[in-house]
Amino acid sequence: MIRRLFRRCATVPETVLSPEDQAVVDAFRAMLAALRTPEPWTPGSAQDVAVRVGAHIERAHTRPGDDHGPDVIAVALVHPDTPHAAAYAHRYTSKGWLRCETAAVLGLWQLAYTALTHAAAGLDLPDDVGMPPAHYGVDVEARQPDGRGFTLLRLGPYTQTWLASRDAERLNTELEGQAATIVPGFTVAATSAPFDFGDRETYSDPYRTDVAMLLAAALTGART
């Protein structure tokens, strides 16, 4: 019996891979190396990061001033070919700024991750990428010792968490010495919190009116 051995061109050890095949192999090896040893990301470095979105990895810009948080930072998902992306790019930018847990950051963005993006797979980003909008608010609340209470004032949206924290501190300074007497039996304090888009009508714009004036009006209403 005669046995014939068939060899595929450029796939057996004795042959040299074609340039196209070699490029695929090199890209795959680079991707594996990037996954095994991601480049460490340092908060505040203002560099693009690789973040996990479902089963994929995406490129994300960090927002200056909001990339220092130990647990959560603000990012915008961008096309892996940024700044050379064309028609597909809007599917990313339409998501806007998002709150990203630092645990979802794989490391600094590397070109090798491109093959793992939704864009490379010909897929749209899912409606829910697992990250809420990155806008912040300040709640001024009156609370009893058992936790029951009500909200006197809501401010927002802020685009950067440090701005919300700054105004919360300012309002607490305004409240100092009177927080426990504004509403008998309640303690009043201002805290920064994520902005609730579903309840946006209850917020006052902190950029149009001085926050101290907004607080004074809220306290006057609480006393009457």
# chains A, B, ... in the order shown; residues from 1 in each chain; ligands from 1

$ residues_around --residues "Leu175 in chain A" --least-positions-apart "4" --cutoff "10 Å" --atoms "only C-alpha atoms" --output "list in words"
Glu169, Arg170, Leu171, Ala179, Ala180, Thr181, Ile182, Thr187, Val188, Ala189, Ala190, Ala212, Leu215, Ala216 and Leu219 of chain A

$ atom_distance --atom1 "CA of His135 in chain A" --atom2 "CA of Thr159 in chain A"
5.1 Å

$ residues_around --residues "range 143-157 of chain A" --least-positions-apart "3" --cutoff "6 Å" --atoms "only C-alpha atoms" --output "number ranges by chain"
A: 135-140, 186-187, 195, 203-206

$ residues_around --residues "Val129 in chain A" --least-positions-apart "6" --cutoff "12 Å" --atoms "only C-alpha atoms" --output "PDB file with N, CA, C and O atoms, in the first residue's frame"
ATOM      1  N   VAL A  51      -9.168  48.020  29.926  1.00  0.00           N
ATOM      2  CA  VAL A  51     -10.187  47.656  30.906  1.00  0.00           C
ATOM      3  C   VAL A  51     -11.005  46.480  30.382  1.00  0.00           C
ATOM      4  O   VAL A  51     -11.192  46.318  29.177  1.00  0.00           O
ATOM      5  N   ARG A  52     -11.499  45.683  31.295  1.00  0.00           N
ATOM      6  CA  ARG A  52     -12.321  44.532  30.927  1.00  0.00           C
ATOM      7  C   ARG A  52     -13.775  44.976  30.759  1.00  0.00           C
ATOM      8  O   ARG A  52     -14.333  45.637  31.631  1.00  0.00           O
ATOM      9  N   VAL A  53     -14.348  44.612  29.627  1.00  0.00           N
ATOM     10  CA  VAL A  53     -15.770  44.864  29.365  1.00  0.00           C
ATOM     11  C   VAL A  53     -16.370  43.526  28.936  1.00  0.00           C
ATOM     12  O   VAL A  53     -16.233  43.114  27.784  1.00  0.00           O
ATOM     13  N   GLY A  54     -16.974  42.834  29.883  1.00  0.00           N
ATOM     14  CA  GLY A  54     -17.468  41.499  29.593  1.00  0.00           C
ATOM     15  C   GLY A  54     -16.311  40.566  29.298  1.00  0.00           C
ATOM     16  O   GLY A  54     -15.319  40.514  30.033  1.00  0.00           O
ATOM     17  N   ALA A  55     -16.406  39.855  28.172  1.00  0.00           N
ATOM     18  CA  ALA A  55     -15.354  38.914  27.785  1.00  0.00           C
ATOM     19  C   ALA A  55     -14.259  39.587  26.968  1.00  0.00           C
ATOM     20  O   ALA A  55     -13.321  38.918  26.526  1.00  0.00           O
ATOM     21  N   HIS A  56     -14.375  40.896  26.756  1.00  0.00           N
ATOM     22  CA  HIS A  56     -13.431  41.610  25.907  1.00  0.00           C
ATOM     23  C   HIS A  56     -12.572  42.570  26.723  1.00  0.00           C
ATOM     24  O   HIS A  56     -12.817  42.812  27.903  1.00  0.00           O
ATOM     25  N   ILE A  57     -11.569  43.114  26.068  1.00  0.00           N
ATOM     26  CA  ILE A  57     -10.701  44.128  26.650  1.00  0.00           C
ATOM     27  C   ILE A  57     -10.787  45.356  25.763  1.00  0.00           C
ATOM     28  O   ILE A  57     -10.712  45.256  24.536  1.00  0.00           O
ATOM     29  N   GLU A  58     -10.969  46.529  26.375  1.00  0.00           N
ATOM     30  CA  GLU A  58     -11.132  47.757  25.619  1.00  0.00           C
ATOM     31  C   GLU A  58     -10.107  48.811  26.046  1.00  0.00           C
ATOM     32  O   GLU A  58      -9.583  48.782  27.153  1.00  0.00           O
ATOM     33  N   ALA A  76     -13.200  57.051  29.560  1.00  0.00           N
ATOM     34  CA  ALA A  76     -14.026  57.065  28.357  1.00  0.00           C
ATOM     35  C   ALA A  76     -13.504  55.971  27.441  1.00  0.00           C
ATOM     36  O   ALA A  76     -12.316  55.947  27.113  1.00  0.00           O
ATOM     37  N   LEU A  77     -14.376  55.045  27.053  1.00  0.00           N
ATOM     38  CA  LEU A  77     -13.968  53.987  26.147  1.00  0.00           C
ATOM     39  C   LEU A  77     -13.714  54.580  24.768  1.00  0.00           C
ATOM     40  O   LEU A  77     -14.499  55.395  24.273  1.00  0.00           O
ATOM     41  N   TYR A  92     -18.152  54.152  20.366  1.00  0.00           N
ATOM     42  CA  TYR A  92     -17.455  54.228  21.642  1.00  0.00           C
ATOM     43  C   TYR A  92     -17.725  55.561  22.326  1.00  0.00           C
ATOM     44  O   TYR A  92     -18.109  55.620  23.490  1.00  0.00           O
ATOM     45  N   LYS A  95     -20.729  56.642  24.608  1.00  0.00           N
ATOM     46  CA  LYS A  95     -20.877  56.175  25.996  1.00  0.00           C
ATOM     47  C   LYS A  95     -20.533  57.264  27.001  1.00  0.00           C
ATOM     48  O   LYS A  95     -20.982  57.219  28.143  1.00  0.00           O
ATOM     49  N   GLY A  96     -19.728  58.242  26.600  1.00  0.00           N
ATOM     50  CA  GLY A  96     -19.354  59.325  27.508  1.00  0.00           C
ATOM     51  C   GLY A  96     -18.414  58.851  28.617  1.00  0.00           C
ATOM     52  O   GLY A  96     -17.838  57.764  28.565  1.00  0.00           O
ATOM     53  N   TRP A  97     -18.286  59.685  29.638  1.00  0.00           N
ATOM     54  CA  TRP A  97     -17.426  59.351  30.768  1.00  0.00           C
ATOM     55  C   TRP A  97     -18.122  58.350  31.684  1.00  0.00           C
ATOM     56  O   TRP A  97     -19.314  58.471  31.948  1.00  0.00           O
ATOM     57  N   LEU A  98     -17.355  57.377  32.153  1.00  0.00           N
ATOM     58  CA  LEU A  98     -17.908  56.283  32.946  1.00  0.00           C
ATOM     59  C   LEU A  98     -17.102  56.097  34.232  1.00  0.00           C
ATOM     60  O   LEU A  98     -15.901  56.383  34.279  1.00  0.00           O
ATOM     61  N   ARG A  99     -17.778  55.591  35.255  1.00  0.00           N
ATOM     62  CA  ARG A  99     -17.111  55.245  36.513  1.00  0.00           C
ATOM     63  C   ARG A  99     -16.569  53.818  36.393  1.00  0.00           C
ATOM     64  O   ARG A  99     -17.321  52.867  36.216  1.00  0.00           O
ATOM     65  N   CYS A 100     -15.256  53.696  36.466  1.00  0.00           N
ATOM     66  CA  CYS A 100     -14.602  52.396  36.274  1.00  0.00           C
ATOM     67  C   CYS A 100     -13.909  51.971  37.563  1.00  0.00           C
ATOM     68  O   CYS A 100     -13.085  52.716  38.109  1.00  0.00           O
ATOM     69  N   ALA A 104     -11.063  46.580  37.490  1.00  0.00           N
ATOM     70  CA  ALA A 104     -11.318  46.200  36.099  1.00  0.00           C
ATOM     71  C   ALA A 104     -10.205  46.651  35.166  1.00  0.00           C
ATOM     72  O   ALA A 104     -10.220  46.318  33.980  1.00  0.00           O
ATOM     73  N   HIS A 118     -14.112  44.587  21.120  1.00  0.00           N
ATOM     74  CA  HIS A 118     -15.356  44.371  20.388  1.00  0.00           C
ATOM     75  C   HIS A 118     -15.186  44.765  18.925  1.00  0.00           C
ATOM     76  O   HIS A 118     -15.721  44.115  18.025  1.00  0.00           O
TER      77      HIS A 118
END

$ select_by_dssp --residues "range 32-212 of chain A" --states "alpha helix (DSSP H)" --output "PyMOL selection string"
chain A and resi 32-36+90-93+161-175+211-212

$ write_last_selection --atoms "N, CA and C atoms" --output "compact mmCIF listing (two decimals), in the first residue's frame"
# COMPACT_ATOMS: atom_id res chain seq x y z
N LEU A 32 -0.59 37.15 24.00
CA LEU A 32 -0.43 36.29 25.16
C LEU A 32 0.55 36.90 26.16
N ALA A 33 1.63 37.46 25.66
CA ALA A 33 2.61 38.07 26.55
C ALA A 33 2.02 39.25 27.29
N ALA A 34 1.20 40.05 26.59
CA ALA A 34 0.56 41.21 27.22
C ALA A 34 -0.42 40.78 28.30
N LEU A 35 -1.14 39.68 28.06
CA LEU A 35 -2.10 39.19 29.05
C LEU A 35 -1.38 38.61 30.27
N ARG A 36 -0.25 37.95 30.02
CA ARG A 36 0.47 37.33 31.13
C ARG A 36 1.18 38.37 31.99
N HIS A 90 -17.70 56.40 16.77
CA HIS A 90 -18.83 56.99 17.49
C HIS A 90 -19.53 55.99 18.39
N ARG A 91 -19.40 54.70 18.08
CA ARG A 91 -20.02 53.68 18.91
C ARG A 91 -19.35 53.64 20.29
N TYR A 92 -18.15 54.15 20.37
CA TYR A 92 -17.45 54.23 21.64
C TYR A 92 -17.72 55.56 22.33
N THR A 93 -17.51 56.66 21.61
CA THR A 93 -17.60 57.97 22.24
C THR A 93 -19.00 58.28 22.74
N THR A 161 -14.95 64.34 40.57
CA THR A 161 -15.27 64.01 41.96
C THR A 161 -14.66 65.00 42.95
N TRP A 162 -13.48 65.56 42.62
CA TRP A 162 -12.85 66.49 43.57
C TRP A 162 -13.65 67.77 43.71
N LEU A 163 -14.37 68.16 42.64
CA LEU A 163 -15.22 69.34 42.74
C LEU A 163 -16.39 69.10 43.68
N ALA A 164 -16.97 67.90 43.58
CA ALA A 164 -18.07 67.56 44.49
C ALA A 164 -17.57 67.50 45.93
N SER A 165 -16.42 66.89 46.13
CA SER A 165 -15.86 66.80 47.48
C SER A 165 -15.55 68.19 48.04
N ARG A 166 -15.05 69.07 47.18
CA ARG A 166 -14.72 70.44 47.63
C ARG A 166 -15.98 71.17 48.10
N ASP A 167 -17.08 71.06 47.32
CA ASP A 167 -18.31 71.74 47.71
C ASP A 167 -18.93 71.11 48.94
N ALA A 168 -18.81 69.78 49.08
CA ALA A 168 -19.34 69.13 50.28
C ALA A 168 -18.60 69.64 51.53
N GLU A 169 -17.29 69.79 51.41
CA GLU A 169 -16.51 70.30 52.54
C GLU A 169 -16.90 71.74 52.85
N ARG A 170 -17.11 72.53 51.79
CA ARG A 170 -17.50 73.93 52.00
C ARG A 170 -18.86 74.02 52.70
N LEU A 171 -19.80 73.19 52.29
CA LEU A 171 -21.12 73.22 52.91
C LEU A 171 -21.06 72.76 54.36
N ASN A 172 -20.24 71.77 54.63
CA ASN A 172 -20.10 71.31 56.01
C ASN A 172 -19.48 72.40 56.89
N THR A 173 -18.60 73.20 56.30
CA THR A 173 -18.05 74.34 57.03
C THR A 173 -19.15 75.35 57.34
N GLU A 174 -20.03 75.58 56.36
CA GLU A 174 -21.17 76.48 56.56
C GLU A 174 -22.11 75.95 57.65
N LEU A 175 -22.23 74.62 57.71
CA LEU A 175 -23.14 74.00 58.67
C LEU A 175 -22.54 73.88 60.07
N VAL A 211 -23.11 77.77 45.90
CA VAL A 211 -23.65 76.66 46.69
C VAL A 211 -24.04 77.10 48.09
N ALA A 212 -23.35 78.10 48.64
CA ALA A 212 -23.70 78.59 49.98
C ALA A 212 -25.08 79.24 49.97

$ closest_residue --among "A:Asp128, A:Pro64, A:Arg208, A:Arg59" --to "Thr114 in chain A" --atoms "only C-alpha atoms"
A:Arg59

$ select_by_dssp --residues "range 21-215 of chain A" --states "strand (DSSP E or B)" --output "PyMOL selection string"
chain A and resi 49-53+56-62+72-78+98-101+105-108+133+136-143+149-158+187-194+204

$ atom_distance --atom1 "CA of Leu111 in chain A" --atom2 "CA of Pro38 in chain A"
11.7 Å

$ atom_distance --atom1 "CA of Asp210 in chain A" --atom2 "CA of Tyr158 in chain A"
14.0 Å

$ closest_residue --among "A:Ile73, A:Leu123, A:Ala60, A:Leu214" --to "Ala103 in chain A" --atoms "only C-alpha atoms"
A:Ile73

$ closest_residue --among "A:Gly185, A:Gly122, A:Pro132, A:Gly177" --to "Phe197 in chain A" --atoms "only C-alpha atoms"
A:Pro132
